[in-house]
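Data from start_20.txt: compact mmCIF, C-alpha atoms
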```
# COMPACT_ATOMS: atom_id res chain seq x y z
CA MET A 1 0.00 0.00 0.00
CA ASP A 2 1.19 3.54 -0.79
CA GLU A 3 2.78 5.32 2.21
CA GLN A 4 0.34 8.19 1.61
CA GLY A 5 -2.51 5.73 1.83
CA VAL A 6 -5.29 4.70 -0.55
CA ARG A 7 -8.61 6.47 -0.90
CA ILE A 8 -11.24 4.51 1.00
CA ASN A 9 -13.51 3.91 -2.02
CA LYS A 10 -10.56 2.56 -4.02
CA TYR A 11 -9.50 0.39 -1.06
CA LEU A 12 -12.96 -1.20 -0.85
CA SER A 13 -13.11 -1.68 -4.60
CA GLU A 14 -9.71 -3.37 -4.74
CA ALA A 15 -10.69 -5.53 -1.76
CA GLY A 16 -13.54 -6.88 -3.87
CA VAL A 17 -16.18 -5.55 -1.48
CA CYS A 18 -18.08 -3.36 -3.94
CA SER A 19 -17.62 -0.81 -6.73
CA ARG A 20 -16.25 2.65 -5.97
CA ARG A 21 -19.68 4.17 -6.57
CA GLU A 22 -21.31 1.78 -4.10
CA ALA A 23 -18.47 2.41 -1.64
CA ASP A 24 -19.22 6.13 -1.78
CA ARG A 25 -22.88 5.43 -1.02
CA GLN A 26 -21.99 3.20 1.92
CA ILE A 27 -19.54 5.79 3.26
CA GLU A 28 -22.24 8.47 3.13
CA ALA A 29 -24.55 6.07 4.99
CA GLY A 30 -21.98 5.64 7.78
CA ALA A 31 -21.42 1.93 7.04
CA VAL A 32 -17.63 2.18 6.68
CA THR A 33 -15.09 2.75 9.47
CA VAL A 34 -11.32 3.12 9.58
CA ASP A 35 -9.82 2.23 12.97
CA GLY A 36 -13.30 2.50 14.48
CA VAL A 37 -14.01 5.99 13.11
CA CYS A 38 -16.66 6.55 10.44
CA ALA A 39 -14.98 7.19 7.11
CA ARG A 40 -15.74 10.25 5.04
CA PRO A 41 -15.47 10.70 1.26
CA GLY A 42 -11.77 11.11 0.54
CA THR A 43 -10.56 9.33 3.69
CA ARG A 44 -7.25 7.61 3.02
CA VAL A 45 -6.35 4.20 4.43
CA LEU A 46 -2.76 3.93 5.70
CA PRO A 47 -0.75 0.71 6.10
CA GLY A 48 -1.80 -1.16 9.23
CA GLN A 49 -5.18 0.51 9.61
CA THR A 50 -8.34 -1.58 10.10
CA VAL A 51 -11.23 -1.07 7.70
CA CYS A 52 -14.73 -2.36 8.46
CA PHE A 53 -17.63 -2.50 6.03
CA GLN A 54 -21.10 -2.87 7.54
CA GLY A 55 -19.49 -4.07 10.76
CA ARG A 56 -17.20 -6.64 9.13
CA CYS A 57 -13.45 -6.15 8.82
CA VAL A 58 -12.08 -6.32 5.30
CA SER A 59 -8.63 -6.49 3.78
CA GLN A 60 -7.40 -6.02 0.26
CA GLU A 61 -7.65 -9.26 -1.68
CA GLU A 62 -4.22 -10.43 -2.79
CA GLU A 63 -5.61 -13.18 -5.00
CA ARG A 64 -6.54 -11.91 -8.44
CA ILE A 65 -9.89 -13.26 -9.65
CA LEU A 66 -11.14 -12.82 -13.19
CA LEU A 67 -13.82 -15.15 -14.54
CA ALA A 68 -15.37 -15.55 -17.98
CA PHE A 69 -19.01 -16.56 -17.57
CA HIS A 70 -21.59 -17.59 -20.19
CA LYS A 71 -24.64 -15.77 -18.86
CA PRO A 72 -27.92 -17.44 -19.74
CA THR A 73 -31.04 -15.43 -20.56
CA GLY A 74 -33.08 -14.55 -17.50
CA ILE A 75 -30.08 -13.83 -15.25
CA VAL A 76 -29.57 -10.23 -14.14
CA CYS A 77 -26.08 -8.68 -14.07
CA THR A 78 -26.16 -7.32 -10.55
CA ALA A 79 -24.77 -8.20 -7.14
CA GLU A 80 -27.94 -6.88 -5.53
CA LYS A 81 -29.30 -9.67 -3.34
CA ARG A 82 -32.85 -8.34 -3.56
CA GLU A 83 -32.86 -9.38 -7.23
CA LYS A 84 -33.75 -13.08 -7.04
CA ASN A 85 -32.09 -13.84 -10.41
CA ASN A 86 -28.84 -11.97 -9.68
CA VAL A 87 -25.70 -13.34 -11.27
CA ILE A 88 -23.73 -13.64 -8.02
CA ASP A 89 -26.20 -16.03 -6.43
CA TYR A 90 -26.48 -17.92 -9.72
CA ILE A 91 -22.81 -18.84 -10.05
CA HIS A 92 -22.33 -19.14 -6.25
CA TYR A 93 -18.59 -18.36 -6.36
CA PRO A 94 -16.90 -18.87 -2.96
CA LYS A 95 -15.24 -15.41 -2.88
CA ARG A 96 -16.62 -11.90 -3.29
CA ILE A 97 -16.73 -10.82 -6.94
CA TYR A 98 -18.90 -8.56 -9.04
CA PRO A 99 -19.79 -8.26 -12.73
CA VAL A 100 -17.89 -6.08 -15.18
CA GLY A 101 -20.73 -4.07 -16.67
CA ARG A 102 -24.06 -5.42 -17.79
CA LEU A 103 -25.67 -7.71 -20.32
CA ASP A 104 -29.43 -7.27 -20.33
CA LYS A 105 -31.69 -9.93 -18.88
CA ASP A 106 -33.00 -11.08 -22.27
CA SER A 107 -29.51 -11.47 -23.74
CA GLU A 108 -26.87 -14.15 -23.22
CA GLY A 109 -23.17 -14.57 -23.66
CA LEU A 110 -19.86 -13.43 -22.23
CA LEU A 111 -19.78 -11.63 -18.90
CA LEU A 112 -16.61 -10.99 -16.91
CA LEU A 113 -16.62 -11.12 -13.12
CA THR A 114 -13.74 -9.97 -10.94
CA ASN A 115 -12.55 -8.64 -7.59
CA GLN A 116 -10.45 -5.90 -9.22
CA GLY A 117 -12.16 -2.53 -9.14
CA ASP A 118 -9.63 -0.62 -11.22
CA LEU A 119 -9.78 -3.18 -14.02
CA VAL A 120 -13.57 -2.88 -14.03
CA ASN A 121 -13.34 0.89 -14.44
CA LYS A 122 -10.84 0.68 -17.29
CA ILE A 123 -12.89 -1.86 -19.24
CA MET A 124 -16.19 -0.09 -18.63
CA ARG A 125 -15.25 3.50 -19.48
CA ALA A 126 -16.82 4.11 -22.90
CA GLY A 127 -14.19 6.76 -23.55
CA ASN A 128 -11.53 4.05 -23.64
CA MET A 129 -13.10 2.62 -26.83
CA HIS A 130 -12.75 -1.05 -25.87
CA GLU A 131 -14.48 -3.49 -28.21
CA LYS A 132 -17.40 -5.79 -27.42
CA GLU A 133 -18.66 -8.17 -30.12
CA TYR A 134 -22.18 -9.59 -30.52
CA LEU A 135 -24.02 -12.04 -32.77
CA VAL A 136 -27.61 -10.98 -33.36
CA THR A 137 -30.64 -12.73 -34.86
CA VAL A 138 -33.55 -10.54 -35.95
CA ASN A 139 -37.12 -11.19 -37.09
CA LYS A 140 -36.68 -10.49 -40.81
CA PRO A 141 -34.01 -10.55 -43.52
CA VAL A 142 -30.98 -8.32 -42.99
CA THR A 143 -30.66 -5.83 -45.86
CA GLU A 144 -27.72 -3.76 -47.04
CA SER A 145 -29.53 -0.54 -46.11
CA PHE A 146 -30.11 -1.87 -42.59
CA LEU A 147 -26.40 -2.72 -42.22
CA ARG A 148 -25.36 0.73 -43.47
CA GLY A 149 -27.77 2.40 -41.10
CA MET A 150 -26.63 0.40 -38.10
CA ALA A 151 -22.97 1.10 -38.87
CA GLY A 152 -23.40 4.81 -39.50
CA GLY A 153 -24.69 5.99 -36.11
CA VAL A 154 -28.28 5.63 -34.94
CA PRO A 155 -30.26 8.37 -33.14
CA LEU A 156 -31.84 6.98 -29.97
CA VAL A 157 -34.42 9.57 -28.96
CA GLU A 158 -35.31 7.87 -25.69
CA LEU A 159 -31.67 8.12 -24.57
CA ASN A 160 -31.12 11.54 -26.14
CA ALA A 161 -28.00 10.15 -27.82
CA THR A 162 -26.61 9.01 -31.15
CA THR A 163 -24.60 5.79 -31.29
CA ARG A 164 -21.00 5.75 -32.44
CA ARG A 165 -20.12 4.43 -35.86
CA CYS A 166 -19.42 0.72 -35.61
CA PHE A 167 -18.56 -2.42 -37.56
CA VAL A 168 -21.53 -4.49 -38.76
CA GLU A 169 -21.63 -7.46 -41.16
CA ARG A 170 -24.26 -9.96 -42.24
CA ILE A 171 -23.50 -13.58 -41.32
CA GLY A 172 -26.84 -15.16 -42.23
CA LYS A 173 -30.21 -14.32 -43.74
CA ARG A 174 -31.48 -12.91 -40.44
CA GLU A 175 -28.17 -12.73 -38.54
CA PHE A 176 -25.43 -10.15 -38.24
CA ARG A 177 -22.25 -9.46 -36.27
CA ILE A 178 -21.74 -6.09 -34.60
CA ILE A 179 -18.75 -4.66 -32.72
CA LEU A 180 -19.43 -1.77 -30.33
CA THR A 181 -17.15 0.51 -28.33
CA GLN A 182 -19.89 1.84 -26.08
CA GLY A 183 -22.61 0.30 -23.96
CA LEU A 184 -25.79 2.34 -23.92
CA ASN A 185 -28.83 0.78 -22.26
CA ARG A 186 -30.21 -2.02 -24.48
CA GLN A 187 -28.27 -0.39 -27.28
CA ILE A 188 -28.44 -3.06 -29.99
CA ARG A 189 -32.15 -3.70 -29.40
CA ARG A 190 -32.90 0.02 -29.59
CA MET A 191 -30.79 0.40 -32.75
CA CYS A 192 -32.67 -2.43 -34.43
CA GLU A 193 -36.04 -1.04 -33.40
CA TYR A 194 -35.16 2.27 -35.03
CA PHE A 195 -35.05 0.45 -38.39
CA GLY A 196 -38.17 -1.61 -37.73
CA TYR A 197 -36.39 -4.81 -36.67
CA ARG A 198 -36.90 -6.87 -33.54
CA VAL A 199 -34.06 -8.79 -31.87
CA GLU A 200 -34.90 -12.46 -31.38
CA LYS A 201 -31.53 -13.56 -30.03
CA LEU A 202 -28.49 -11.62 -28.86
CA VAL A 203 -25.23 -13.25 -27.79
CA ARG A 204 -22.10 -11.41 -26.68
CA VAL A 205 -19.13 -13.42 -27.91
CA ARG A 206 -16.15 -11.19 -27.07
CA ILE A 207 -15.01 -8.49 -24.65
CA MET A 208 -11.74 -7.03 -25.91
CA ASN A 209 -9.40 -10.07 -26.19
CA ILE A 210 -11.54 -12.43 -24.07
CA GLU A 211 -13.75 -14.71 -26.19
CA LEU A 212 -16.80 -16.77 -25.25
CA GLY A 213 -15.65 -19.66 -27.41
CA SER A 214 -17.28 -23.02 -26.60
CA LEU A 215 -18.09 -22.14 -22.97
CA LYS A 216 -21.48 -23.67 -22.21
CA SER A 217 -24.38 -21.55 -21.04
CA GLY A 218 -24.47 -21.22 -17.25
CA THR A 219 -20.81 -22.17 -16.76
CA TYR A 220 -17.66 -20.13 -16.11
CA ARG A 221 -13.91 -20.49 -16.39
CA ASN A 222 -10.86 -18.69 -15.09
CA VAL A 223 -9.36 -16.26 -17.58
CA THR A 224 -5.96 -17.65 -18.62
CA GLU A 225 -2.69 -15.94 -17.70
CA GLU A 226 -2.11 -15.15 -21.37
CA GLU A 227 -5.57 -13.55 -21.68
CA TYR A 228 -5.08 -11.62 -18.45
CA HIS A 229 -1.71 -10.16 -19.42
CA GLU A 230 -3.03 -9.18 -22.85
CA LEU A 231 -6.00 -7.51 -21.16
CA LEU A 232 -3.59 -5.56 -18.95
CA ARG A 233 -1.67 -4.50 -22.04
CA LEU A 234 -4.84 -3.33 -23.78
CA THR A 235 -5.96 -1.34 -20.74
CA ALA A 236 -2.53 0.04 -19.82
CA ASP A 237 -3.29 3.50 -21.18
CA SER A 238 -6.98 3.46 -20.34
CA SER A 239 -8.43 6.14 -18.13
CA ASN A 240 -10.39 5.89 -14.90
CA ASP A 241 -11.67 9.45 -15.38
CA PRO A 242 -15.37 10.13 -15.99
CA VAL A 243 -16.45 9.63 -19.59
CA MET A 244 -17.63 12.52 -21.71
CA PRO A 245 -21.42 12.36 -22.10
CA ALA A 246 -22.80 10.69 -25.20
CA LYS A 247 -23.32 12.94 -28.18
CA LYS A 248 -26.77 14.51 -28.06
CA ILE A 249 -29.14 14.13 -30.99
CA GLY A 250 -28.87 17.10 -33.26
CA GLU A 251 -25.63 18.30 -31.68
CA LYS A 252 -23.46 20.08 -34.21
CA LYS A 253 -19.86 19.11 -34.82
CA ARG A 254 -17.30 21.64 -33.76
```
Go ahead and render the structure in this file as C-alpha cells.
Amino acid sequence: MDEQGVRINKYLSEAGVCSRREADRQIEAGAVTVDGVCARPGTRVLPGQTVCFQGRCVSQEEERILLAFHKPTGIVCTAEKREKNNVIDYIHYPKRIYPVGRLDKDSEGLLLLTNQGDLVNKIMRAGNMHEKEYLVTVNKPVTESFLRGMAGGVPLVELNATTRRCFVERIGKREFRIILTQGLNRQIRRMCEYFGYRVEKLVRVRIMNIELGSLKSGTYRNVTEEEYHELLRLTADSSNDPVMPAKKIGEKKR
C-alpha cells in the first residue's frame, strides 16, 4: 500500500467488497469505518489501519480473480441480493466478486466477473473505446440498407443520444455481427427497433481479447494468464476518469 494511503472507495473496490460508486454510497450512509471511526469521502487508508464495512473487517484481496461466464437469458447482471435472479447467487462463487458491466436480462453470452475494481473501471469506461462483439438474430431478412444504417450511427431519442459508428456485417439471412465501443442501455435492441427490426436472439461473444468460445451456457472459467496479461496491455493507457457524455441528438460538430 502507498505510504500516503489509498482512498477509501478505491480500497474497498480493490478488496472486492463493492464498486467505488457503491463504496461512496456506503460511506455516506456511515457503514464504513477506519480504525473505528466513520470514514468520510476522501478518507485515506494507511498501512496497518483496520477497515470495516457494515461491521465486518475487510482487507485487500491479494488473490486476483477474473472469470469468464456464459450468462444465460433470465439472469440479471447485478450483485444486488434483492434481485432473485442476480448473477452472483447464480454462479455461487466462494469469494466476493462482481460483474464487469451489464448484459441485459433477455440477452446471453460473455460476462466478466472480478474482484479488481480498477480493471472494471478501465474496461467499462466508454471513452476508452474497448471493443465488445455480438451475434444478433432478428425477425426479418438483414438488408444492405439496414447494415449501413446500423454502422453509421443511430439516433436513440429515448436516450437523447446518437450511437458511435461501428462495424456491422451480415453472417446469415437474419443474422449479423456487430462490434461496439460503447454500452448504452439495451443499445443493440434500440438500434434495431429504429429500423423496424426486432431482436430475437443476442449473444455477446467477445469483450476485448476475451472470447466466449465453446463455454457452455451457465458455466464459467478462469481467464488464462495469457488472456489476463493481454488484457492488462490493452488497458494500460486506459483512463479511470469520468467519460464525456454521449453525443446529443442534433448536436453540431465543432
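Distances here use only C-alpha atoms; by that measure, the residue among A:Leu147, A:Val142, A:Leu46, A:Ile8 closest to Arg21 in chain A is A:Ile8.
If you measure from each of A:Gly55, A:Gly101, A:Gly109, A:Pro94 to Val205 in chain A using all atoms listed in the file, the closest one turns out to be A:Gly109.
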Taking all atoms listed in the file into account, name the residue in A:Ile207, A:Leu66, A:Val45, A:Leu12 that is nearest to Arg102 in chain A.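 Ranked by minimum distance to Arg102 in chain A, first place goes to A:Ile207.
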Work out how far CA of Lys122 in chain A is from CA of Tyr228 in chain A, in Å to one decimal. 13.6 Å
Record the distance separating CA of Val100 in chain A and CA of Gly5 in chain A, expressed in Å with one decimal. 25.8 Å
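For Gly117 in chain A, the set of protein, DNA and RNA residues having any atom at most 10 Å away, when counting all atoms listed in the file and skipping those fewer than 5 positions along the same chain, is A:Asn9, A:Lys10, A:Tyr11, A:Leu12, A:Ser13, A:Glu14, A:Ala15, A:Gly16, A:Val17, A:Cys18, A:Ser19, A:Arg20, A:Ile97, A:Tyr98, A:Val100, A:Lys122.
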